[in-house]
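Below is data10.json, holding JSON, C-alpha atoms and all ligand atoms.
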[["chain", "number", "residue", "atom", "x", "y", "z"],
["A", 116, "MET", "CA", -16.99, -0.99, -8.31],
["A", 117, "GLN", "CA", -13.24, -0.89, -8.83],
["A", 118, "ASN", "CA", -13.60, 2.47, -10.52],
["A", 119, "ASP", "CA", -15.40, 3.90, -7.51],
["A", 120, "THR", "CA", -12.66, 2.71, -5.22],
["A", 121, "ALA", "CA", -10.00, 4.40, -7.29],
["A", 122, "LYS", "CA", -11.94, 7.65, -7.28],
["A", 123, "ASP", "CA", -12.47, 7.48, -3.53],
["A", 124, "THR", "CA", -8.74, 7.59, -2.88],
["A", 125, "ASN", "CA", -8.59, 11.18, -4.04],
["A", 126, "GLY", "CA", -8.23, 13.35, -0.97],
["A", 127, "CYS", "CA", -9.95, 10.83, 1.23],
["A", 128, "ASN", "CA", -8.55, 9.20, 4.33],
["A", 129, "ILE", "CA", -10.61, 6.03, 4.29],
["A", 130, "ARG", "CA", -10.15, 3.62, 1.46],
["A", 131, "HIS", "CA", -12.09, 0.57, 0.42],
["A", 132, "GLU", "CA", -11.81, -2.02, 3.22],
["A", 133, "SER", "CA", -11.09, 0.84, 5.65],
["A", 134, "GLN", "CA", -7.44, 1.03, 4.79],
["A", 135, "ARG", "CA", -6.11, 4.44, 5.77],
["A", 136, "THR", "CA", -4.27, 6.52, 3.29],
["A", 137, "PHE", "CA", -2.28, 9.68, 3.84],
["A", 138, "LYS", "CA", -2.01, 12.68, 1.57],
["A", 139, "HIS", "CA", 1.71, 13.15, 2.11],
["A", 140, "PHE", "CA", 4.61, 10.72, 1.91],
["A", 141, "PRO", "CA", 7.16, 10.92, 4.77],
["A", 142, "LYS", "CA", 10.17, 12.92, 3.54],
["A", 143, "ASP", "CA", 12.75, 10.75, 5.31],
["A", 144, "ILE", "CA", 11.50, 7.42, 3.97],
["A", 145, "ILE", "CA", 11.85, 5.87, 0.51],
["A", 146, "CYS", "CA", 9.04, 3.93, -1.10],
["A", 147, "PRO", "CA", 10.42, 0.42, -1.75],
["A", 148, "LEU", "CA", 8.38, 0.12, -4.94],
["A", 149, "CYS", "CA", 9.63, 3.16, -6.86],
["A", 150, "GLY", "CA", 12.69, 4.15, -4.83],
["A", 151, "THR", "CA", 11.62, 7.75, -4.32],
["A", 152, "SER", "CA", 10.06, 9.76, -1.50],
["A", 153, "GLU", "CA", 7.85, 11.71, -3.86],
["A", 154, "ASP", "CA", 5.22, 13.68, -1.96],
["A", 155, "LYS", "CA", 1.97, 12.01, -2.94],
["A", 156, "GLU", "CA", -0.74, 9.85, -1.44],
["A", 157, "CYS", "CA", 0.52, 6.82, 0.46],
["A", 158, "CYS", "CA", -0.68, 3.96, 2.61],
["A", 159, "LEU", "CA", 0.88, 1.82, 5.32],
["A", 160, "VAL", "CA", 1.57, -1.74, 4.22],
["A", 161, "PRO", "CA", 1.98, -4.32, 7.02],
["A", 162, "ILE", "CA", 5.29, -6.22, 6.99],
["A", 163, "ASP", "CA", 5.21, -10.01, 7.13],
["A", 164, "GLY", "CA", 6.73, -11.54, 10.25],
["A", 165, "THR", "CA", 6.47, -8.41, 12.42],
["A", 166, "ASP", "CA", 3.16, -9.17, 14.16],
["A", 167, "ASP", "CA", 3.30, -9.21, 17.94],
["A", 168, "ASP", "CA", 0.96, -10.99, 20.38],
["A", 169, "ASN", "CA", -1.42, -8.03, 20.44],
["A", 170, "GLY", "CA", -2.00, -8.15, 16.70],
["A", 171, "ILE", "CA", 0.12, -5.08, 16.12],
["A", 172, "CYS", "CA", 2.71, -5.14, 13.39],
["A", 173, "GLU", "CA", 5.21, -2.95, 11.66],
["A", 174, "ALA", "CA", 4.24, -1.29, 8.41],
["A", 175, "GLU", "CA", 6.05, 0.57, 5.69],
["A", 176, "PRO", "CA", 4.70, 3.57, 3.80],
["A", 177, "MET", "CA", 4.25, 3.05, 0.07],
["A", 178, "HIS", "CA", 2.67, 5.24, -2.59],
["A", 179, "VAL", "CA", -0.91, 4.29, -3.42],
["A", 180, "ASP", "CA", 0.01, 4.63, -7.10],
["A", 181, "CYS", "CA", 2.84, 2.14, -6.69],
["A", 182, "VAL", "CA", 0.82, -0.37, -4.66],
["A", 183, "THR", "CA", -1.96, -0.37, -7.23],
["A", 184, "GLN", "CA", 0.28, -0.73, -10.27],
["A", 185, "LEU", "CA", -1.73, -3.62, -11.68],
["A", 186, "ASP", "CA", 0.69, -4.66, -14.42],
["A", 187, "MET", "CA", 3.18, -5.60, -11.68],
["A", 188, "PHE", "CA", 0.81, -8.01, -9.95],
["A", 189, "ARG", "CA", 1.31, -11.76, -9.80],
["A", 190, "TYR", "CA", -0.99, -14.46, -8.50],
["A", 191, "ASN", "CA", 0.48, -17.49, -6.79],
["A", 192, "GLN", "CA", -2.24, -20.15, -6.80],
["A", 193, "GLU", "CA", -0.24, -22.61, -4.73],
["A", 194, "MET", "CA", 0.33, -20.21, -1.84],
["A", 195, "GLY", "CA", -2.98, -18.40, -2.27],
["A", 196, "ILE", "CA", -1.41, -14.95, -2.45],
["A", 197, "LEU", "CA", -1.73, -12.00, -4.76],
["A", 198, "TYR", "CA", 1.44, -10.00, -4.73],
["A", 199, "ARG", "CA", 3.33, -7.28, -6.47],
["A", 200, "LYS", "CA", 6.91, -7.87, -7.55],
["A", 201, "ILE", "CA", 9.45, -5.29, -6.44],
["B", 1, "ZN", "ZN", 6.41, 4.70, -4.75]]

Please express what this file holds, its structure, as structure tokens.
Ligand SMILES: [Zn+2]
Amino acid sequence: MQNDTAKDTNGCNIRHESQRTFKHFPKDIICPLCGTSEDKECCLVPIDGTDDDNGICEAEPMHVDCVTQLDMFRYNQEMGILYRKI
């Protein structure tokens, strides 16, 4: 199932769990994970603490490749979060 998800990201706008991805990375923004604005597929990652009363929040573009870099993942059992170190 995970393999299918990875394949689906290729040239597709809807990802697993309906997360939108974009084919091009914004030229004027730097991905916080790799520090470049390389033009490749990206997604918008919601930023903690920016939610307003309408359920809308700020998000930052990050490369799909960077977000899914599995060897950078950590699991914090106590807080119940899966996260990627920057
Ligand atoms: Zn990146």

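Compared by their closest atoms to ligand ZN 1 (chain B), and using only C-alpha atoms and all ligand atoms, the residues A:Cys181, A:Cys172, A:Met187, A:Ile196 rank with A:Cys181 nearest.
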
Site check for ligand ZN 1 (chain B): residues at most 12 Å away, only C-alpha atoms and all ligand atoms, as a compact mmCIF listing (two decimals) with C-alpha atoms, in the coordinates of the input:
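To be explicit, this is the file written out as out.txt:
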# COMPACT_ATOMS: atom_id res chain seq x y z
CA HIS A 139 1.71 13.15 2.11
CA PHE A 140 4.61 10.72 1.91
CA PRO A 141 7.16 10.92 4.77
CA ILE A 144 11.50 7.42 3.97
CA ILE A 145 11.85 5.87 0.51
CA CYS A 146 9.04 3.93 -1.10
CA PRO A 147 10.42 0.42 -1.75
CA LEU A 148 8.38 0.12 -4.94
CA CYS A 149 9.63 3.16 -6.86
CA GLY A 150 12.69 4.15 -4.83
CA THR A 151 11.62 7.75 -4.32
CA SER A 152 10.06 9.76 -1.50
CA GLU A 153 7.85 11.71 -3.86
CA ASP A 154 5.22 13.68 -1.96
CA LYS A 155 1.97 12.01 -2.94
CA GLU A 156 -0.74 9.85 -1.44
CA CYS A 157 0.52 6.82 0.46
CA CYS A 158 -0.68 3.96 2.61
CA LEU A 159 0.88 1.82 5.32
CA GLU A 175 6.05 0.57 5.69
CA PRO A 176 4.70 3.57 3.80
CA MET A 177 4.25 3.05 0.07
CA HIS A 178 2.67 5.24 -2.59
CA VAL A 179 -0.91 4.29 -3.42
CA ASP A 180 0.01 4.63 -7.10
CA CYS A 181 2.84 2.14 -6.69
CA VAL A 182 0.82 -0.37 -4.66
CA THR A 183 -1.96 -0.37 -7.23
CA GLN A 184 0.28 -0.73 -10.27
CA ILE A 201 9.45 -5.29 -6.44

- Message: Just to confirm, what's the straight-line distance from atom CA of A:Lys200 to atom CA of A:Leu185 in Å (one decimal)?
- Response: 10.5 Å

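Across the structure, atom CA of A:Gln192 and atom CA of A:Ala174 are spaced 25.1 Å apart.
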
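Here atom CA of A:Gly164 stands at a distance of 23.6 Å from atom CA of A:Asp143.
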
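Using all atoms listed in the file, the shortest contact distance between A:Pro161 and any of A:Lys142, A:Arg135, A:Gly195, A:Asp186 is found at A:Arg135.
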
Specify the axis-aligned box that encloses all atoms of stretch 182-199 of chain A listed in the file after padding of 3 Å on each side, stating its centre and edge lengths in Å to one decimal as AutoDock Vina command-line options.
--center_x 0.2 --center_y -11.5 --center_z -8.1 --size_x 12.3 --size_y 28.2 --size_z 18.6
